[in-house]
>>> print(open('coords-v4.txt').read())   # compact mmCIF, C-alpha atoms
# COMPACT_ATOMS: atom_id res chain seq x y z
CA MET A 1 18.77 -9.81 1.76
CA GLN A 2 17.83 -6.35 3.02
CA HIS A 3 14.31 -5.20 2.18
CA PHE A 4 13.39 -1.57 1.76
CA PHE A 5 11.04 -0.07 4.36
CA GLU A 6 8.43 2.24 2.86
CA TYR A 7 7.56 5.01 5.28
CA ILE A 8 3.91 6.03 5.43
CA ASP A 9 2.65 8.81 7.70
CA THR A 10 -0.03 6.83 9.54
CA LEU A 11 -1.08 9.84 11.64
CA ASN A 12 -1.90 12.14 8.72
CA SER A 13 -2.56 9.61 5.95
CA THR A 14 -5.00 6.89 6.93
CA TYR A 15 -5.70 5.97 3.30
CA GLU A 16 -3.86 6.08 -0.01
CA ALA A 17 -5.19 5.26 -3.49
CA PHE A 18 -3.36 5.74 -6.76
CA LEU A 19 -2.77 4.36 -10.26
CA CYS A 20 0.52 2.74 -11.31
CA ASP A 21 1.61 2.63 -14.96
CA ALA A 22 4.81 0.62 -15.47
CA SER A 23 5.65 2.68 -18.56
CA LYS A 24 5.67 5.94 -16.57
CA ILE A 25 7.35 5.02 -13.26
CA ASN A 26 10.59 3.41 -12.17
CA PHE A 27 9.92 -0.29 -12.55
CA PRO A 28 10.09 -3.00 -11.25
CA ILE A 29 8.91 -2.41 -7.69
CA ARG A 30 11.67 -3.98 -5.59
CA PRO A 31 11.01 -5.99 -2.39
CA HIS A 32 9.73 -3.68 0.33
CA TRP A 33 7.33 -3.59 3.28
CA HIS A 34 5.25 -1.12 5.26
CA TYR A 35 2.79 -0.96 8.15
CA PHE A 36 -0.27 -0.37 5.95
CA MET A 37 -2.36 -3.10 4.40
CA GLU A 38 -2.36 -2.92 0.62
CA MET A 39 -4.73 -4.06 -2.13
CA LEU A 40 -3.60 -4.25 -5.76
CA TYR A 41 -6.03 -4.59 -8.67
CA MET A 42 -4.60 -5.33 -12.13
CA LEU A 43 -6.14 -3.15 -14.85
CA GLU A 44 -4.00 -3.97 -17.89
CA GLY A 45 -1.40 -6.56 -18.73
CA ALA A 46 0.02 -9.09 -16.29
CA GLY A 47 2.68 -9.01 -13.62
CA ARG A 48 4.65 -11.37 -11.45
CA VAL A 49 4.07 -10.54 -7.81
CA GLU A 50 6.20 -11.80 -4.93
CA CYS A 51 4.89 -11.84 -1.38
CA ASN A 52 6.76 -13.41 1.53
CA GLY A 53 8.58 -15.81 -0.75
CA GLU A 54 5.52 -16.88 -2.79
CA ASN A 55 5.03 -16.00 -6.48
CA TYR A 56 1.78 -15.09 -8.22
CA VAL A 57 0.93 -14.20 -11.82
CA VAL A 58 -1.62 -11.39 -11.58
CA GLU A 59 -3.56 -10.67 -14.78
CA ALA A 60 -6.10 -8.02 -15.74
CA GLY A 61 -9.17 -8.35 -13.48
CA ASP A 62 -7.26 -10.14 -10.70
CA MET A 63 -6.56 -8.73 -7.24
CA ILE A 64 -3.93 -9.47 -4.62
CA ILE A 65 -3.63 -8.16 -1.06
CA PHE A 66 -0.61 -7.64 1.18
CA TYR A 67 -0.92 -7.73 4.95
CA PRO A 68 0.97 -5.19 7.06
CA GLU A 69 4.73 -5.92 7.20
CA SER A 70 4.51 -8.39 4.29
CA VAL A 71 7.55 -8.19 2.02
CA HIS A 72 6.30 -7.80 -1.55
CA ALA A 73 7.56 -6.90 -5.02
CA ILE A 74 6.07 -6.44 -8.50
CA TYR A 75 7.67 -7.25 -11.86
CA THR A 76 6.53 -7.08 -15.47
CA ILE A 77 6.17 -10.21 -17.58
CA ALA A 78 8.10 -9.90 -20.87
CA ASP A 79 7.13 -6.70 -22.72
CA ARG A 80 3.44 -6.75 -21.85
CA PRO A 81 2.07 -3.35 -20.68
CA LEU A 82 1.27 -3.18 -16.99
CA LYS A 83 -1.19 -0.89 -15.22
CA TYR A 84 -2.78 -1.43 -11.82
CA GLY A 85 -4.63 0.35 -9.04
CA VAL A 86 -3.43 0.47 -5.43
CA ILE A 87 -5.25 1.10 -2.16
CA LYS A 88 -3.35 1.29 1.13
CA PHE A 89 -4.89 1.77 4.55
CA ASP A 90 -4.32 1.51 8.28
CA VAL A 91 -6.18 -1.58 9.53
CA ASN A 92 -6.33 -0.08 13.04
CA LYS A 93 -8.66 2.64 11.75
CA LEU A 94 -11.28 0.24 10.37
CA TYR A 95 -14.55 -0.17 12.25
CA THR A 96 -17.95 -1.80 11.79
CA GLU A 97 -21.29 -1.00 13.39
CA ASN A 98 -22.42 -4.53 14.33
CA SER A 99 -21.40 -5.08 17.95
CA TYR A 100 -21.57 -8.89 17.63
CA ALA A 101 -19.28 -9.04 14.60
CA PRO A 102 -15.53 -9.44 15.21
CA LYS A 103 -13.55 -6.32 14.36
CA LEU A 104 -12.10 -6.28 10.87
CA ARG A 105 -8.62 -5.81 12.32
CA ILE A 106 -8.94 -9.02 14.33
CA ILE A 107 -10.29 -10.97 11.36
CA LEU A 108 -7.44 -9.75 9.16
CA GLU A 109 -4.85 -10.63 11.78
CA SER A 110 -6.33 -14.12 11.97
CA ALA A 111 -6.50 -14.41 8.18
CA ALA A 112 -2.84 -13.42 7.86
CA LYS A 113 -1.91 -16.51 9.90
CA SER A 114 -4.31 -18.81 8.08
CA ARG A 115 -3.51 -21.41 5.44
CA GLU A 116 -7.04 -21.10 4.04
CA ALA A 117 -7.34 -17.33 3.62
CA GLY A 118 -5.43 -16.74 0.39
CA ILE A 119 -4.20 -13.31 -0.68
CA PHE A 120 -4.77 -13.81 -4.42
CA PHE A 121 -8.20 -13.53 -6.06
CA LYS A 122 -8.90 -14.38 -9.70
CA GLU A 123 -11.29 -12.30 -11.78
CA ASP A 124 -14.06 -14.90 -11.67
CA GLN A 125 -14.00 -14.88 -7.84
CA LEU A 126 -14.63 -11.14 -7.82
CA LYS A 127 -17.65 -11.11 -10.14
CA GLY A 128 -20.36 -8.71 -9.05
CA LEU A 129 -18.11 -6.72 -6.69
CA GLU A 130 -17.26 -3.90 -9.12
CA VAL A 131 -13.68 -3.85 -7.82
CA LYS A 132 -12.45 -1.57 -10.59
CA GLU A 133 -15.10 1.04 -9.73
CA ILE A 134 -14.24 0.84 -6.01
CA PHE A 135 -10.56 1.51 -6.71
CA GLU A 136 -11.43 4.40 -9.03
CA GLU A 137 -13.84 5.99 -6.55
CA CYS A 138 -11.31 5.77 -3.69
CA ARG A 139 -8.65 7.39 -5.90
CA ARG A 140 -11.08 10.11 -7.01
CA GLU A 141 -12.24 10.90 -3.46
CA LEU A 142 -8.71 11.07 -2.06
CA LYS A 143 -7.65 13.38 -4.87
CA ARG A 144 -10.56 15.81 -4.49
CA ARG A 145 -10.87 15.57 -0.69
CA ASN A 146 -14.37 17.03 -0.64
CA TYR A 147 -16.46 16.92 2.52
CA GLY A 148 -16.88 13.34 3.78
CA TYR A 149 -14.30 11.85 1.43
CA ASP A 150 -12.78 9.80 4.25
CA VAL A 151 -16.17 8.28 5.10
CA ILE A 152 -16.73 7.21 1.49
CA VAL A 153 -13.22 5.72 1.18
CA HIS A 154 -13.57 3.90 4.50
CA ASN A 155 -16.94 2.44 3.52
CA GLN A 156 -15.66 1.29 0.12
CA ILE A 157 -12.67 -0.45 1.71
CA CYS A 158 -14.87 -2.13 4.33
CA PHE A 159 -17.33 -3.22 1.64
CA LEU A 160 -14.55 -4.91 -0.31
CA LEU A 161 -12.95 -6.49 2.77
CA VAL A 162 -16.26 -7.90 4.01
CA HIS A 163 -16.80 -9.62 0.66
CA LEU A 164 -13.27 -11.04 0.72
CA ILE A 165 -13.97 -12.40 4.20
CA ARG A 166 -17.15 -13.98 2.87
CA LEU A 167 -15.09 -15.66 0.14
CA TRP A 168 -12.67 -17.01 2.75
CA ARG A 169 -15.58 -18.19 4.87
CA GLU A 170 -17.18 -20.02 1.95
CA MET A 171 -13.90 -21.75 1.13
CA VAL A 172 -13.34 -22.79 4.74
CA LEU A 173 -16.93 -23.95 5.29
CA THR A 174 -16.78 -25.96 2.07
CA ARG A 175 -13.68 -27.74 3.32
CA MET A 176 -15.21 -28.15 6.76
CA GLN A 177 -18.32 -29.77 5.31
CA ARG A 178 -16.09 -32.10 3.34
CA PHE A 179 -13.81 -33.14 6.17
CA LEU A 180 -15.69 -32.61 9.45
CA THR A 181 -16.52 -35.77 11.36
CA PRO A 182 -20.17 -36.93 11.32
CA ARG A 183 -20.43 -36.21 15.06
CA ILE A 184 -19.73 -32.49 14.58
CA GLN A 185 -22.14 -32.34 11.66
CA ILE A 186 -24.82 -33.95 13.85
CA LEU A 187 -24.00 -31.41 16.58
CA PHE A 188 -24.62 -28.51 14.18
CA VAL A 189 -27.99 -29.98 13.19
CA ALA A 190 -28.95 -30.53 16.84
CA LEU A 191 -27.97 -27.01 17.90
CA GLN A 192 -29.68 -25.21 15.04
CA PRO A 193 -33.18 -25.14 16.64
CA ILE A 194 -31.71 -24.11 20.00
CA LEU A 195 -29.24 -21.37 19.09
CA THR A 196 -30.12 -18.04 17.55
CA SER A 197 -28.60 -17.19 14.19
CA MET A 198 -26.21 -14.85 15.99
CA GLN A 199 -25.05 -17.58 18.38
CA MET A 200 -24.66 -20.03 15.50
CA SER A 201 -22.56 -17.50 13.59
CA ARG A 202 -20.32 -17.02 16.62
CA LEU A 203 -19.90 -20.77 16.99
CA LYS A 204 -18.99 -21.18 13.32
CA TRP A 205 -16.58 -18.24 13.60
CA LYS A 206 -14.79 -19.91 16.54
CA ILE A 207 -14.52 -23.15 14.61
CA TRP A 208 -13.26 -21.20 11.59
CA GLN A 209 -10.48 -19.68 13.74
CA ILE A 210 -9.48 -23.07 15.16
CA TYR A 211 -9.65 -24.87 11.82
CA ALA A 212 -8.10 -22.26 9.56
CA ILE A 213 -5.05 -21.25 11.59
>>> encode(input="coords-v4.txt", output="structure tokens")
Amino acid sequence: MQHFFEYIDTLNSTYEAFLCDASKINFPIRPHWHYFMEMLYMLEGAGRVECNGENYVVEAGDMIIFYPESVHAIYTIADRPLKYGVIKFDVNKLYTENSYAPKLRIILESAAKSREAGIFFKEDQLKGLEVKEIFEECRRELKRRNYGYDVIVHNQICFLLVHLIRLWREMVLTRMQRFLTPRIQILFVALQPILTSMQMSRLKWKIWQIYAI
């Protein structure tokens, strides 16, 4: 089956944010792919989302992400109204200030290969993140394009991604604590007084990469 390639001008359009209303556009969204990463937040109704052969039912308050080059499609469920927000961005343009932290691009590339880092987030997992407001602010800033709009959009995307990474980390560490051998658990305890918090974080990150992929 041939999948449609969606062209995005990555040189002149680092970010995109818009609202989709299934009653006002040509629907469904057929299988397609692009080089941007995409985040979809369901505002009203529920939809069936396909991504790389997997199916998800995304309801109001849920969010799903698509990695670059992922083949994805969106369909309505029965006659229920469907409205959702979309943010697309070039992962190569993301940056963080902390020199010791792995680049977001590298983390996302690792997460895309991971069995543990899911792409679908239920509403209860996103509590406290104000995802709806983030999508609305990105859409508003990109529409108005006032001074510094790109900085605000970039920071909002990074804020959301960092919290998603924290969710992945919590899920992986929970599984690690459940399944790690007693010897490794003893090693962590023994190293804690010796290593700085930064060194311990790096060690856990390396184990996360080995375990999750």
>>> atom_distance(input="coords-v4.txt", atom1="atom CA of A:Phe159", atom2="atom CA of A:Tyr7")
26.5 Å
>>> closest_residue(input="coords-v4.txt", among="A:His32, A:Arg48, A:Lys127, A:Lys103", to="A:Ile165", atoms="all atoms listed in the file")
A:Lys103
>>> atom_distance(input="coords-v4.txt", atom1="atom CA of A:Leu160", atom2="atom CA of A:Pro28")
27.0 Å
>>> atom_distance(input="coords-v4.txt", atom1="atom CA of A:Arg80", atom2="atom CA of A:Glu44")
8.9 Å
>>> residues_near_point(input="coords-v4.txt", point="(-6.3, -14.6, -4.6)", cutoff="10 Å", atoms="only C-alpha atoms", output="count of residues only")
16
>>> residues_around(input="coords-v4.txt", residues="A:Val91", least_positions_apart="5", cutoff="8 Å", atoms="only C-alpha atoms", output="list in words")
Phe36, Met37, Leu104 and Arg105 of chain A
>>> write_last_selection(input="coords-v4.txt", atoms="C-alpha atoms", output="CSV table (one decimal), in the coordinates of the input")
chain,number,residue,atom,x,y,z
A,36,PHE,CA,-0.3,-0.4,6.0
A,37,MET,CA,-2.4,-3.1,4.4
A,104,LEU,CA,-12.1,-6.3,10.9
A,105,ARG,CA,-8.6,-5.8,12.3
>>> closest_residue(input="coords-v4.txt", among="A:Leu191, A:Val153, A:Ile25, A:Ala112", to="A:Glu69", atoms="only C-alpha atoms")
A:Ala112
>>> closest_residue(input="coords-v4.txt", among="A:Ala17, A:Val151, A:Leu195, A:Val86", to="A:Tyr41", atoms="only C-alpha atoms")
A:Val86
>>> closest_residue(input="coords-v4.txt", among="A:Tyr75, A:Tyr95, A:Phe89, A:Phe4", to="A:Met39", atoms="all atoms listed in the file")
A:Phe89
>>> residues_around(input="coords-v4.txt", residues="A:Asp90", least_positions_apart="5", cutoff="12 Å", atoms="all atoms listed in the file", output="NGL selection string")
:A and (8-16 or 34-39 or 67-69 or 95 or 104-105 or 108 or 154 or 157-158)
>>> closest_residue(input="coords-v4.txt", among="A:Arg169, A:His163, A:Arg145, A:Arg140", to="A:Gly128", atoms="all atoms listed in the file")
A:His163
>>> closest_residue(input="coords-v4.txt", among="A:Met171, A:Met200, A:Ala60, A:Val162", to="A:Arg115", atoms="all atoms listed in the file")
A:Met171
>>> axis_aligned_box(input="coords-v4.txt", around="stretch 185-201 of chain A", padding_each_side="4 Å", output="JSON")
{"center_x": -27.7, "center_y": -24.4, "center_z": 15.8, "size_x": 19.0, "size_y": 27.1, "size_z": 16.3}
>>> residues_near_point(input="coords-v4.txt", point="(-1.2, 3.9, -7.0)", cutoff="10 Å", atoms="all atoms listed in the file", output="NGL selection string")
:A and (16-21 or 39-41 or 83-88 or 135 or 139)
>>> decode(input="coords-v4.txt", residues="stretch 54-106 of chain A", atoms="C-alpha atoms", output="PDB file, in the first residue's frame")
ATOM      1  CA  GLU A  54      -1.184  -0.099  15.640  1.00  0.00           C
ATOM      2  CA  ASN A  55      -4.682   1.191  16.473  1.00  0.00           C
ATOM      3  CA  TYR A  56      -5.658   3.579  19.266  1.00  0.00           C
ATOM      4  CA  VAL A  57      -8.989   5.029  20.391  1.00  0.00           C
ATOM      5  CA  VAL A  58      -8.246   8.645  21.290  1.00  0.00           C
ATOM      6  CA  GLU A  59     -10.937  10.397  23.341  1.00  0.00           C
ATOM      7  CA  ALA A  60     -11.363  13.967  24.569  1.00  0.00           C
ATOM      8  CA  GLY A  61      -8.452  14.849  26.882  1.00  0.00           C
ATOM      9  CA  ASP A  62      -6.131  12.187  25.429  1.00  0.00           C
ATOM     10  CA  MET A  63      -2.975  12.869  23.432  1.00  0.00           C
ATOM     11  CA  ILE A  64      -1.004  10.846  20.914  1.00  0.00           C
ATOM     12  CA  ILE A  65       2.355  11.602  19.292  1.00  0.00           C
ATOM     13  CA  PHE A  66       3.825  10.552  15.955  1.00  0.00           C
ATOM     14  CA  TYR A  67       7.569  10.319  15.445  1.00  0.00           C
ATOM     15  CA  PRO A  68       9.116  11.590  12.204  1.00  0.00           C
ATOM     16  CA  GLU A  69       8.406   9.259   9.243  1.00  0.00           C
ATOM     17  CA  SER A  70       5.694   7.378  11.168  1.00  0.00           C
ATOM     18  CA  VAL A  71       2.780   6.389   8.944  1.00  0.00           C
ATOM     19  CA  HIS A  72      -0.411   7.571  10.628  1.00  0.00           C
ATOM     20  CA  ALA A  73      -4.105   8.087   9.885  1.00  0.00           C
ATOM     21  CA  ILE A  74      -7.164   9.432  11.729  1.00  0.00           C
ATOM     22  CA  TYR A  75     -10.774   8.257  11.437  1.00  0.00           C
ATOM     23  CA  THR A  76     -14.028   9.201  13.134  1.00  0.00           C
ATOM     24  CA  ILE A  77     -15.908   6.722  15.308  1.00  0.00           C
ATOM     25  CA  ALA A  78     -19.562   6.403  14.212  1.00  0.00           C
ATOM     26  CA  ASP A  79     -21.229   9.840  14.028  1.00  0.00           C
ATOM     27  CA  ARG A  80     -19.540  11.358  17.058  1.00  0.00           C
ATOM     28  CA  PRO A  81     -18.175  14.909  16.470  1.00  0.00           C
ATOM     29  CA  LEU A  82     -14.414  15.129  16.287  1.00  0.00           C
ATOM     30  CA  LYS A  83     -12.193  18.121  17.000  1.00  0.00           C
ATOM     31  CA  TYR A  84      -8.501  18.084  17.880  1.00  0.00           C
ATOM     32  CA  GLY A  85      -5.428  20.272  18.082  1.00  0.00           C
ATOM     33  CA  VAL A  86      -2.191  19.564  16.202  1.00  0.00           C
ATOM     34  CA  ILE A  87       1.393  20.677  16.790  1.00  0.00           C
ATOM     35  CA  LYS A  88       4.152  19.751  14.336  1.00  0.00           C
ATOM     36  CA  PHE A  89       7.816  20.592  14.718  1.00  0.00           C
ATOM     37  CA  ASP A  90      11.323  19.817  13.524  1.00  0.00           C
ATOM     38  CA  VAL A  91      13.058  17.778  16.250  1.00  0.00           C
ATOM     39  CA  ASN A  92      16.458  18.913  14.948  1.00  0.00           C
ATOM     40  CA  LYS A  93      15.662  22.477  16.023  1.00  0.00           C
ATOM     41  CA  LEU A  94      14.984  21.600  19.670  1.00  0.00           C
ATOM     42  CA  TYR A  95      17.580  22.529  22.277  1.00  0.00           C
ATOM     43  CA  THR A  96      17.962  22.615  26.064  1.00  0.00           C
ATOM     44  CA  GLU A  97      20.262  24.679  28.252  1.00  0.00           C
ATOM     45  CA  ASN A  98      21.536  21.955  30.608  1.00  0.00           C
ATOM     46  CA  SER A  99      24.842  20.730  29.176  1.00  0.00           C
ATOM     47  CA  TYR A 100      24.680  17.426  31.106  1.00  0.00           C
ATOM     48  CA  ALA A 101      21.205  16.516  29.845  1.00  0.00           C
ATOM     49  CA  PRO A 102      20.952  14.452  26.643  1.00  0.00           C
ATOM     50  CA  LYS A 103      19.583  16.430  23.711  1.00  0.00           C
ATOM     51  CA  LEU A 104      15.853  16.097  23.199  1.00  0.00           C
ATOM     52  CA  ARG A 105      16.452  14.862  19.650  1.00  0.00           C
ATOM     53  CA  ILE A 106      18.572  11.984  20.930  1.00  0.00           C
TER      54      ILE A 106
END
